[in-house]
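Peer 1: Structure supplied as my_file_21.txt; contents: compact mmCIF, C-alpha atoms.
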# COMPACT_ATOMS: atom_id res chain seq x y z
CA MET A 1355 32.93 7.64 -10.24
CA ASP A 1356 33.21 4.01 -9.14
CA ARG A 1357 30.24 3.08 -11.36
CA LEU A 1358 31.87 4.79 -14.36
CA ILE A 1359 35.10 2.85 -13.83
CA GLU A 1360 33.17 -0.41 -13.52
CA PHE A 1361 31.27 0.40 -16.72
CA LEU A 1362 34.50 1.11 -18.64
CA LYS A 1363 36.05 -2.12 -17.38
CA ALA A 1364 33.02 -4.16 -18.37
CA ASN A 1365 32.62 -2.59 -21.84
CA GLY A 1366 36.21 -1.55 -22.55
CA HIS A 1367 36.67 -3.81 -25.56
CA THR A 1368 33.43 -2.66 -27.20
CA LEU A 1369 34.25 1.04 -26.67
CA LEU A 1370 37.76 0.56 -28.02
CA PHE A 1371 36.36 -1.14 -31.12
CA LEU A 1372 33.94 1.71 -31.77
CA VAL A 1373 36.66 4.35 -31.37
CA LEU A 1374 38.98 2.50 -33.74
CA GLU A 1375 36.11 2.02 -36.23
CA VAL A 1376 35.40 5.77 -36.27
CA ILE A 1377 39.08 6.59 -36.75
CA ALA A 1378 39.37 4.04 -39.58
CA LEU A 1379 36.35 5.45 -41.40
CA ALA A 1380 37.61 8.99 -40.98
CA LEU A 1381 41.01 8.06 -42.46
CA LEU A 1382 39.37 6.11 -45.26
CA PHE A 1383 37.16 8.90 -46.53
CA SER A 1384 39.22 11.97 -45.64
CA GLY A 1385 41.72 11.30 -48.39
CA SER A 1386 39.21 10.72 -51.20
CA LYS A 1387 36.70 13.26 -52.50
CA TYR A 1388 34.81 10.53 -54.35
CA ARG A 1389 34.39 8.39 -51.24
CA SER A 1390 33.34 11.44 -49.24
CA SER A 1391 30.72 12.36 -51.84
CA VAL A 1392 29.38 8.79 -51.80
CA VAL A 1393 29.02 8.90 -48.02
CA LEU A 1394 27.34 12.31 -48.09
CA SER A 1395 25.00 11.25 -50.90
CA SER A 1396 23.97 8.08 -49.06
CA ALA A 1397 23.48 9.96 -45.83
CA ASN A 1398 21.34 12.62 -47.54
CA ARG A 1399 19.20 9.94 -49.19
CA VAL A 1400 18.60 8.16 -45.88
CA ILE A 1401 17.79 11.43 -44.12
CA GLY A 1402 15.43 12.39 -46.93
CA GLU A 1403 13.54 9.08 -46.74
CA VAL A 1404 13.25 9.32 -42.96
CA THR A 1405 11.98 12.90 -43.23
CA GLU A 1406 9.41 11.93 -45.87
CA LEU A 1407 8.16 9.06 -43.71
CA SER A 1408 7.90 11.41 -40.77
CA HIS A 1409 5.88 13.94 -42.80
CA THR A 1410 3.60 11.18 -44.10
CA ALA A 1411 2.96 9.91 -40.57
CA ASN A 1412 2.22 13.43 -39.34
CA ARG A 1413 -0.22 14.02 -42.21
CA TYR A 1414 -1.97 10.72 -41.47
CA MET A 1415 -2.30 11.55 -37.79
CA GLY A 1416 -3.60 14.98 -38.74
CA LEU A 1417 -6.27 13.43 -40.99
CA GLN A 1418 -7.42 11.13 -38.19
CA GLU A 1419 -7.77 14.06 -35.79
CA ALA A 1420 -9.60 16.08 -38.43
CA ASN A 1421 -11.97 13.16 -39.07
CA VAL A 1422 -12.86 12.86 -35.38
CA GLU A 1423 -13.38 16.62 -35.11
CA LEU A 1424 -15.60 16.52 -38.20
CA MET A 1425 -17.68 13.69 -36.70
CA GLN A 1426 -18.08 15.62 -33.44
CA ARG A 1427 -19.27 18.66 -35.34
CA ASN A 1428 -21.62 16.51 -37.40
CA ALA A 1429 -23.01 15.03 -34.17
CA GLU A 1430 -23.79 18.53 -32.87
CA LEU A 1431 -25.58 19.41 -36.12
CA GLU A 1432 -27.51 16.12 -36.09
CA VAL A 1433 -28.73 16.70 -32.54
CA GLU A 1434 -29.81 20.22 -33.45
CA ALA A 1435 -31.68 18.95 -36.53
CA LEU A 1436 -33.47 16.31 -34.45
CA ARG A 1437 -34.38 18.89 -31.82
CA LEU A 1438 -35.84 21.25 -34.41
CA ARG A 1439 -37.82 18.41 -36.03
CA SER A 1440 -39.21 17.47 -32.61
CA VAL A 1441 -40.25 21.07 -31.96
CA LEU A 1442 -41.98 21.35 -35.35
CA GLU A 1443 -43.88 18.08 -34.83
CA ARG A 1444 -45.10 19.19 -31.42
CA LEU A 1445 -46.18 22.56 -32.83
CA THR A 1446 -48.28 20.93 -35.53
CA VAL A 1447 -50.08 18.40 -33.30
CA ASP A 1448 -53.04 20.60 -32.42
CA SER A 1449 -53.58 23.96 -34.10
CA LEU A 1450 -56.25 24.88 -31.54
CA SER A 1451 -53.75 24.81 -28.69
CA TRP A 1452 -50.85 26.42 -30.56
CA GLN A 1453 -50.03 28.87 -27.79
CA ARG A 1454 -49.61 26.19 -25.11
CA LEU A 1455 -47.64 23.94 -27.46
CA THR A 1456 -45.33 26.79 -28.41
CA VAL A 1457 -44.35 27.39 -24.79
CA ASP A 1458 -43.96 23.68 -24.00
CA SER A 1459 -41.95 22.96 -27.14
CA LEU A 1460 -39.52 25.81 -26.72
CA GLU A 1461 -38.96 25.23 -23.00
CA ARG A 1462 -38.67 21.44 -23.09
CA THR A 1463 -35.04 20.25 -23.31
CA PHE A 1464 -34.25 17.87 -26.16
CA PRO A 1465 -33.24 14.67 -24.31
CA TYR A 1466 -30.70 13.25 -26.78
CA ASP A 1467 -26.97 13.78 -27.20
CA TYR A 1468 -24.27 12.13 -29.36
CA VAL A 1469 -20.79 10.88 -28.34
CA VAL A 1470 -18.20 9.79 -30.93
CA ALA A 1471 -16.74 6.27 -30.57
CA LYS A 1472 -14.35 4.14 -32.62
CA VAL A 1473 -15.14 0.55 -33.61
CA VAL A 1474 -12.21 -1.53 -32.33
CA GLY A 1475 -13.59 -5.02 -32.84
CA ASN A 1476 -16.40 -6.96 -34.50
CA THR A 1477 -17.81 -10.41 -35.15
CA LEU A 1478 -19.71 -10.49 -38.44
CA PHE A 1479 -19.83 -14.13 -39.51
CA ASN A 1480 -22.65 -15.75 -37.52
CA GLN A 1481 -26.17 -15.19 -36.19
CA LYS A 1482 -24.96 -13.43 -33.04
CA ASN A 1483 -22.84 -10.65 -34.48
CA TYR A 1484 -21.57 -7.80 -32.31
CA LEU A 1485 -19.31 -4.75 -32.37
CA THR A 1486 -16.86 -3.40 -29.78
CA ILE A 1487 -16.37 0.36 -29.31
CA ASP A 1488 -13.63 2.19 -27.42
CA ILE A 1489 -15.74 4.07 -24.85
CA GLY A 1490 -17.61 2.78 -21.81
CA GLN A 1491 -18.81 3.79 -18.36
CA ASP A 1492 -16.03 6.38 -18.00
CA ALA A 1493 -17.62 8.26 -20.94
CA GLY A 1494 -21.15 7.86 -19.59
CA VAL A 1495 -22.14 4.93 -21.82
CA GLU A 1496 -24.83 2.62 -20.42
CA PRO A 1497 -26.69 -0.48 -21.68
CA ASP A 1498 -29.68 0.19 -23.98
CA MET A 1499 -28.16 3.33 -25.48
CA GLY A 1500 -28.62 3.61 -29.23
CA VAL A 1501 -25.70 3.53 -31.67
CA VAL A 1502 -25.86 5.21 -35.08
CA GLY A 1503 -23.48 5.71 -37.98
CA ALA A 1504 -22.91 8.72 -40.18
CA ASN A 1505 -26.07 8.00 -42.19
CA SER A 1506 -28.18 5.40 -40.40
CA ILE A 1507 -28.89 3.11 -37.44
CA VAL A 1508 -26.20 0.69 -36.23
CA GLY A 1509 -27.62 -1.01 -33.13
CA VAL A 1510 -27.86 -0.77 -29.34
CA VAL A 1511 -25.35 -1.04 -26.48
CA GLU A 1512 -25.70 -4.44 -24.79
CA ALA A 1513 -22.84 -4.56 -22.25
CA VAL A 1514 -20.49 -1.93 -20.84
CA GLY A 1515 -17.06 -1.92 -19.21
CA SER A 1516 -15.11 1.03 -17.86
CA LYS A 1517 -13.46 1.83 -21.22
CA TYR A 1518 -15.22 -0.37 -23.79
CA ALA A 1519 -18.76 -1.36 -24.74
CA LYS A 1520 -20.36 -4.20 -26.68
CA VAL A 1521 -22.90 -3.23 -29.33
CA LEU A 1522 -25.71 -5.45 -30.58
CA PRO A 1523 -26.07 -4.50 -34.28
CA LEU A 1524 -29.10 -4.70 -36.57
CA VAL A 1525 -27.44 -7.75 -38.14
CA ASN A 1526 -27.99 -9.88 -35.03
CA SER A 1527 -30.86 -12.36 -34.90
CA ARG A 1528 -31.58 -11.46 -31.25
CA TYR A 1529 -32.22 -7.78 -31.97
CA SER A 1530 -35.44 -6.21 -33.27
CA LEU A 1531 -36.52 -2.60 -33.76
CA THR A 1532 -39.88 -0.96 -34.43
CA CYS A 1533 -39.71 0.99 -37.71
CA LYS A 1534 -42.08 2.66 -40.14
CA LEU A 1535 -42.33 3.14 -43.88
CA SER A 1536 -41.89 6.60 -45.35
CA ASN A 1537 -45.11 8.56 -46.01
CA THR A 1538 -47.18 6.23 -43.78
CA ASN A 1539 -48.00 5.89 -40.10
CA TYR A 1540 -47.85 2.09 -40.19
CA THR A 1541 -45.08 0.39 -38.25
CA GLY A 1542 -43.46 -3.02 -38.43
CA THR A 1543 -40.72 -4.97 -36.70
CA LEU A 1544 -37.25 -4.88 -38.21
CA ARG A 1545 -35.61 -8.26 -37.67
CA TRP A 1546 -32.52 -9.73 -39.35
CA ASP A 1547 -33.05 -13.04 -41.12
CA GLY A 1548 -29.34 -13.97 -41.00
CA LYS A 1549 -28.87 -14.27 -44.75
CA ASP A 1550 -26.37 -11.43 -45.38
CA LEU A 1551 -25.05 -8.23 -43.80
CA GLN A 1552 -26.73 -5.90 -46.30
CA HIS A 1553 -30.39 -6.94 -45.98
CA THR A 1554 -32.98 -7.42 -43.26
CA GLN A 1555 -36.75 -7.88 -42.99
CA LEU A 1556 -39.47 -5.43 -41.96
CA THR A 1557 -42.16 -7.80 -40.65
CA ASN A 1558 -45.68 -7.64 -39.16
CA LEU A 1559 -46.96 -5.07 -41.65
CA PRO A 1560 -50.74 -5.03 -42.25
CA LYS A 1561 -51.64 -6.49 -45.64
CA HIS A 1562 -53.44 -3.37 -46.82
CA VAL A 1563 -50.34 -1.15 -46.44
CA GLU A 1564 -49.21 0.22 -49.79
CA TYR A 1565 -45.52 0.46 -50.62
CA GLU A 1566 -43.15 0.97 -53.53
CA ILE A 1567 -39.65 -0.28 -54.26
CA GLY A 1568 -37.28 2.42 -53.08
CA ASP A 1569 -39.41 3.56 -50.12
CA SER A 1570 -37.34 4.55 -47.09
CA VAL A 1571 -37.56 2.89 -43.68
CA PHE A 1572 -37.16 5.06 -40.57
CA THR A 1573 -37.27 4.65 -36.81
CA SER A 1574 -40.73 5.15 -35.33
CA ALA A 1575 -41.93 7.26 -32.44
CA TYR A 1576 -42.42 4.10 -30.31
CA SER A 1577 -38.74 3.65 -29.49
CA ALA A 1578 -37.28 4.90 -26.22
CA ILE A 1579 -33.78 4.34 -27.58
CA PHE A 1580 -33.84 6.25 -30.89
CA PRO A 1581 -35.49 9.51 -31.90
CA GLU A 1582 -38.15 9.27 -34.57
CA HIS A 1583 -37.27 9.45 -38.28
CA LEU A 1584 -33.68 8.20 -38.23
CA PHE A 1585 -32.84 6.48 -41.51
CA VAL A 1586 -32.57 2.67 -41.47
CA GLY A 1587 -32.65 1.47 -45.08
CA THR A 1588 -34.54 1.14 -48.38
CA VAL A 1589 -37.24 -1.29 -49.50
CA VAL A 1590 -35.95 -3.55 -52.28
CA GLY A 1591 -38.76 -6.12 -52.54
CA ARG A 1592 -41.36 -8.35 -50.90
CA GLY A 1593 -40.14 -10.57 -48.10
CA GLU A 1594 -41.33 -13.88 -46.65
CA SER A 1595 -43.90 -13.92 -43.85
CA SER A 1596 -44.93 -16.82 -41.61
CA ASP A 1597 -48.23 -15.11 -40.70
CA ASP A 1598 -50.98 -14.89 -43.32
CA SER A 1599 -52.44 -11.82 -41.62
CA PHE A 1600 -49.33 -9.74 -42.26
CA PHE A 1601 -46.59 -9.38 -44.85
CA SER A 1602 -42.88 -8.58 -44.82
CA LEU A 1603 -40.58 -6.40 -46.88
CA ASP A 1604 -36.95 -6.98 -47.80
CA VAL A 1605 -34.93 -3.93 -46.69
CA LYS A 1606 -31.41 -3.00 -47.78
CA LEU A 1607 -29.61 -1.55 -44.77
CA ALA A 1608 -27.94 1.82 -45.17
CA THR A 1609 -25.11 0.88 -42.78
CA ASP A 1610 -22.17 -1.04 -44.23
CA PHE A 1611 -21.11 -3.05 -41.18
CA SER A 1612 -18.01 -4.48 -42.86
CA THR A 1613 -16.38 -1.04 -43.23
CA LEU A 1614 -17.72 0.68 -40.11
CA LYS A 1615 -14.96 2.61 -38.29
CA TYR A 1616 -16.62 5.38 -36.27
CA VAL A 1617 -20.08 5.56 -34.69
CA TYR A 1618 -22.14 7.81 -32.43
CA VAL A 1619 -23.49 6.60 -29.09
CA LEU A 1620 -26.89 8.18 -28.61
CA LYS A 1621 -27.65 9.21 -25.04
CA ASN A 1622 -31.30 9.60 -24.05
CA TYR A 1623 -31.38 11.37 -20.69
CA GLU A 1624 -35.08 10.50 -20.23
CA LEU A 1625 -34.67 6.79 -21.04
CA GLN A 1626 -34.70 5.51 -17.44
CA GLU A 1627 -37.80 7.53 -16.55
CA GLN A 1628 -39.67 6.28 -19.62
CA LYS A 1629 -38.69 2.64 -18.90
CA LYS A 1630 -39.79 3.05 -15.29
CA VAL A 1631 -43.21 4.38 -16.32
CA GLU A 1632 -43.66 1.70 -18.99
CA GLY A 1633 -42.69 -0.98 -16.47
CA GLN A 1634 -45.52 -0.18 -14.07
CA THR A 1635 -47.83 -3.19 -13.63
CA THR A 1636 -51.48 -3.42 -14.60
CA GLN A 1637 -52.29 -4.11 -10.95
CA ASP A 1638 -50.82 -0.75 -9.96
CA ASN A 1639 -52.90 0.98 -12.62
CA SER A 1640 -56.08 -0.84 -11.51
CA HIS A 1641 -55.45 0.22 -7.92
CA ARG A 1642 -55.20 3.85 -9.00
CA ARG A 1643 -58.50 3.63 -10.92
CA ASN A 1644 -60.23 2.20 -7.87
Can you dump the structure from the file as structure tokens?

Peer 2:
Amino acid sequence: MDRLIEFLKANGHTLLFLVLEVIALALLFSGSKYRSSVVLSSANRVIGEVTELSHTANRYMGLQEANVELMQRNAELEVEALRLRSVLERLTVDSLSWQRLTVDSLERTFPYDYVVAKVVGNTLFNQKNYLTIDIGQDAGVEPDMGVVGANSIVGVVEAVGSKYAKVLPLVNSRYSLTCKLSNTNYTGTLRWDGKDLQHTQLTNLPKHVEYEIGDSVFTSAYSAIFPEHLFVGTVVGRGESSDDSFFSLDVKLATDFSTLKYVYVLKNYELQEQKKVEGQTTQDNSHRRN
């Protein structure tokens, strides 16, 4: 009660002004139908605009949620498609051992999984470009995990915090990726030449490799980060090579990095084991042979 009295004393003049203002407005419009209709019309218009803005905001939020749900569903379908492709490839390796391969292929767990992330920052104006996504260690993200878009490769996770991660994209001069041309088993090194965000170079290709403009470029089976046969881009011409023993191709990237909003972080649950095996020294191998 004491606080209420203190409040009234401190704000008495303001409260009195508001009361008198309400009384004055009531007296002003109560005696005139025209003035009353003007007030009601203005009030209805304001309420209508506020309601429309509210509905628009709700629809926009609903579209964002639907887009994320759609991407999550697409990720599930993409993982299933990759798993089935892996099974089919293993089944066709050796027709003489089809029974053993059938059992192994069906029982072996597909090691990849996708997690949806939003791009919340980027640097796309120098040789060391990067992206920032809104998930990190709390979501199970670790360095060296692959990042893909809706249609193609984006890059690889370089650094991770608790809630954010830094992605090294294909359009970074420090990043390279082993890729192959469609309809061939020959691989080359995909490396950005720094000229623009839409093109890169597929280098170290043997000179006798045949190609055509429009050929697709995919990830190869030699990557521990990405599954085989993920789309990277399209050949648009001959590139420049510093080695006379090889040649390069100019590749138009399928990912538009300037408009990228959502990506998938690709988890490979067998990555650490593969890196550990590949990191064993020649000395260790020699000791085993002896």

Peer 1: Applying 10 Å and all atoms listed in the file, which residues near Ile1579 (chain A) remain after dropping the ones on its own chain fewer than 6 positions away? List them as number ranges by chain.

Peer 2: A: 1466, 1498-1501, 1509-1510, 1531, 1573, 1620-1622, 1624-1625

Peer 1: Work out how far CA of Lys1520 (chain A) is from CA of Asn1480 (chain A), in Å to one decimal.

Peer 2: 16.0 Å

Peer 1: Could you check which residues have any atom within 12 Å of (-18.0, 2.8, -26.2), counting all atoms listed in the file with coordinates taken straight from the file, and then list them as a PDB file with C-alpha atoms, in the frame of the given file?

Peer 2:
ATOM      1  CA  TYR A1468     -24.270  12.130 -29.360  1.00  0.00           C
ATOM      2  CA  VAL A1469     -20.790  10.880 -28.340  1.00  0.00           C
ATOM      3  CA  VAL A1470     -18.200   9.790 -30.930  1.00  0.00           C
ATOM      4  CA  ALA A1471     -16.740   6.270 -30.570  1.00  0.00           C
ATOM      5  CA  LYS A1472     -14.350   4.140 -32.620  1.00  0.00           C
ATOM      6  CA  VAL A1473     -15.140   0.550 -33.610  1.00  0.00           C
ATOM      7  CA  VAL A1474     -12.210  -1.530 -32.330  1.00  0.00           C
ATOM      8  CA  GLY A1475     -13.590  -5.020 -32.840  1.00  0.00           C
ATOM      9  CA  LEU A1485     -19.310  -4.750 -32.370  1.00  0.00           C
ATOM     10  CA  THR A1486     -16.860  -3.400 -29.780  1.00  0.00           C
ATOM     11  CA  ILE A1487     -16.370   0.360 -29.310  1.00  0.00           C
ATOM     12  CA  ASP A1488     -13.630   2.190 -27.420  1.00  0.00           C
ATOM     13  CA  ILE A1489     -15.740   4.070 -24.850  1.00  0.00           C
ATOM     14  CA  GLY A1490     -17.610   2.780 -21.810  1.00  0.00           C
ATOM     15  CA  GLN A1491     -18.810   3.790 -18.360  1.00  0.00           C
ATOM     16  CA  ASP A1492     -16.030   6.380 -18.000  1.00  0.00           C
ATOM     17  CA  ALA A1493     -17.620   8.260 -20.940  1.00  0.00           C
ATOM     18  CA  GLY A1494     -21.150   7.860 -19.590  1.00  0.00           C
ATOM     19  CA  VAL A1495     -22.140   4.930 -21.820  1.00  0.00           C
ATOM     20  CA  GLU A1496     -24.830   2.620 -20.420  1.00  0.00           C
ATOM     21  CA  PRO A1497     -26.690  -0.480 -21.680  1.00  0.00           C
ATOM     22  CA  MET A1499     -28.160   3.330 -25.480  1.00  0.00           C
ATOM     23  CA  GLY A1500     -28.620   3.610 -29.230  1.00  0.00           C
ATOM     24  CA  VAL A1501     -25.700   3.530 -31.670  1.00  0.00           C
ATOM     25  CA  VAL A1510     -27.860  -0.770 -29.340  1.00  0.00           C
ATOM     26  CA  VAL A1511     -25.350  -1.040 -26.480  1.00  0.00           C
ATOM     27  CA  GLU A1512     -25.700  -4.440 -24.790  1.00  0.00           C
ATOM     28  CA  ALA A1513     -22.840  -4.560 -22.250  1.00  0.00           C
ATOM     29  CA  VAL A1514     -20.490  -1.930 -20.840  1.00  0.00           C
ATOM     30  CA  GLY A1515     -17.060  -1.920 -19.210  1.00  0.00           C
ATOM     31  CA  SER A1516     -15.110   1.030 -17.860  1.00  0.00           C
ATOM     32  CA  LYS A1517     -13.460   1.830 -21.220  1.00  0.00           C
ATOM     33  CA  TYR A1518     -15.220  -0.370 -23.790  1.00  0.00           C
ATOM     34  CA  ALA A1519     -18.760  -1.360 -24.740  1.00  0.00           C
ATOM     35  CA  LYS A1520     -20.360  -4.200 -26.680  1.00  0.00           C
ATOM     36  CA  VAL A1521     -22.900  -3.230 -29.330  1.00  0.00           C
ATOM     37  CA  TYR A1616     -16.620   5.380 -36.270  1.00  0.00           C
ATOM     38  CA  VAL A1617     -20.080   5.560 -34.690  1.00  0.00           C
ATOM     39  CA  TYR A1618     -22.140   7.810 -32.430  1.00  0.00           C
ATOM     40  CA  VAL A1619     -23.490   6.600 -29.090  1.00  0.00           C
ATOM     41  CA  LEU A1620     -26.890   8.180 -28.610  1.00  0.00           C
ATOM     42  CA  LYS A1621     -27.650   9.210 -25.040  1.00  0.00           C
TER      43      LYS A1621
END

Peer 1: Record the distance separating CA of Thr1557 (chain A) and CA of Ser1527 (chain A), expressed in Å with one decimal.

Peer 2: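 About the pair CA of Thr1557 (chain A) and CA of Ser1527 (chain A): they are 13.5 Å apart.
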
Peer 1: Find the residue from A:Val1589, A:Leu1559, A:Leu1424, A:Ala1608 that sits nearest to Ile1507 (chain A); use all atoms listed in the file when measuring.

Peer 2: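 Once distances to Ile1507 (chain A) are computed over all atoms listed in the file, the minimum belongs to A:Ala1608.
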
Peer 1: Would you mind telling me which residue in A:Arg1545, A:His1583, A:Lys1615, A:Lys1606 lies nearest to Gly1568 (chain A) when using all atoms listed in the file?

Peer 2: A:Lys1606

Peer 1: Quick one: region 1600-1611 of chain A with N, CA, C and O atoms, as a PDB file, in the frame of the given file?

Peer 2:
ATOM      1  N   PHE A1600     -50.265 -10.833 -42.055  1.00  0.00           N
ATOM      2  CA  PHE A1600     -49.330  -9.740 -42.260  1.00  0.00           C
ATOM      3  C   PHE A1600     -48.405 -10.082 -43.434  1.00  0.00           C
ATOM      4  O   PHE A1600     -48.420 -11.202 -43.952  1.00  0.00           O
ATOM      5  N   PHE A1601     -47.606  -9.106 -43.830  1.00  0.00           N
ATOM      6  CA  PHE A1601     -46.590  -9.380 -44.850  1.00  0.00           C
ATOM      7  C   PHE A1601     -45.278  -8.713 -44.447  1.00  0.00           C
ATOM      8  O   PHE A1601     -45.224  -7.888 -43.524  1.00  0.00           O
ATOM      9  N   SER A1602     -44.218  -9.075 -45.134  1.00  0.00           N
ATOM     10  CA  SER A1602     -42.880  -8.580 -44.820  1.00  0.00           C
ATOM     11  C   SER A1602     -42.260  -7.929 -46.051  1.00  0.00           C
ATOM     12  O   SER A1602     -42.626  -8.236 -47.185  1.00  0.00           O
ATOM     13  N   LEU A1603     -41.310  -7.052 -45.814  1.00  0.00           N
ATOM     14  CA  LEU A1603     -40.580  -6.400 -46.880  1.00  0.00           C
ATOM     15  C   LEU A1603     -39.081  -6.641 -46.702  1.00  0.00           C
ATOM     16  O   LEU A1603     -38.576  -6.663 -45.570  1.00  0.00           O
ATOM     17  N   ASP A1604     -38.404  -6.833 -47.810  1.00  0.00           N
ATOM     18  CA  ASP A1604     -36.950  -6.980 -47.800  1.00  0.00           C
ATOM     19  C   ASP A1604     -36.341  -5.581 -47.832  1.00  0.00           C
ATOM     20  O   ASP A1604     -36.638  -4.783 -48.725  1.00  0.00           O
ATOM     21  N   VAL A1605     -35.487  -5.273 -46.856  1.00  0.00           N
ATOM     22  CA  VAL A1605     -34.930  -3.930 -46.690  1.00  0.00           C
ATOM     23  C   VAL A1605     -33.407  -3.985 -46.816  1.00  0.00           C
ATOM     24  O   VAL A1605     -32.757  -4.800 -46.151  1.00  0.00           O
ATOM     25  N   LYS A1606     -32.867  -3.131 -47.681  1.00  0.00           N
ATOM     26  CA  LYS A1606     -31.410  -3.000 -47.780  1.00  0.00           C
ATOM     27  C   LYS A1606     -30.943  -1.982 -46.741  1.00  0.00           C
ATOM     28  O   LYS A1606     -31.361  -0.822 -46.762  1.00  0.00           O
ATOM     29  N   LEU A1607     -30.089  -2.419 -45.843  1.00  0.00           N
ATOM     30  CA  LEU A1607     -29.610  -1.550 -44.770  1.00  0.00           C
ATOM     31  C   LEU A1607     -28.679  -0.469 -45.311  1.00  0.00           C
ATOM     32  O   LEU A1607     -27.870  -0.721 -46.204  1.00  0.00           O
ATOM     33  N   ALA A1608     -28.797   0.718 -44.742  1.00  0.00           N
ATOM     34  CA  ALA A1608     -27.940   1.820 -45.170  1.00  0.00           C
ATOM     35  C   ALA A1608     -26.544   1.719 -44.569  1.00  0.00           C
ATOM     36  O   ALA A1608     -25.581   2.262 -45.116  1.00  0.00           O
ATOM     37  N   THR A1609     -26.410   1.024 -43.447  1.00  0.00           N
ATOM     38  CA  THR A1609     -25.110   0.880 -42.780  1.00  0.00           C
ATOM     39  C   THR A1609     -24.319  -0.265 -43.398  1.00  0.00           C
ATOM     40  O   THR A1609     -24.835  -1.378 -43.528  1.00  0.00           O
ATOM     41  N   ASP A1610     -23.075   0.010 -43.755  1.00  0.00           N
ATOM     42  CA  ASP A1610     -22.170  -1.040 -44.230  1.00  0.00           C
ATOM     43  C   ASP A1610     -21.333  -1.500 -43.035  1.00  0.00           C
ATOM     44  O   ASP A1610     -20.346  -0.869 -42.660  1.00  0.00           O
ATOM     45  N   PHE A1611     -21.739  -2.597 -42.422  1.00  0.00           N
ATOM     46  CA  PHE A1611     -21.110  -3.050 -41.180  1.00  0.00           C
ATOM     47  C   PHE A1611     -19.681  -3.550 -41.403  1.00  0.00           C
ATOM     48  O   PHE A1611     -18.873  -3.538 -40.472  1.00  0.00           O
TER      49      PHE A1611
END
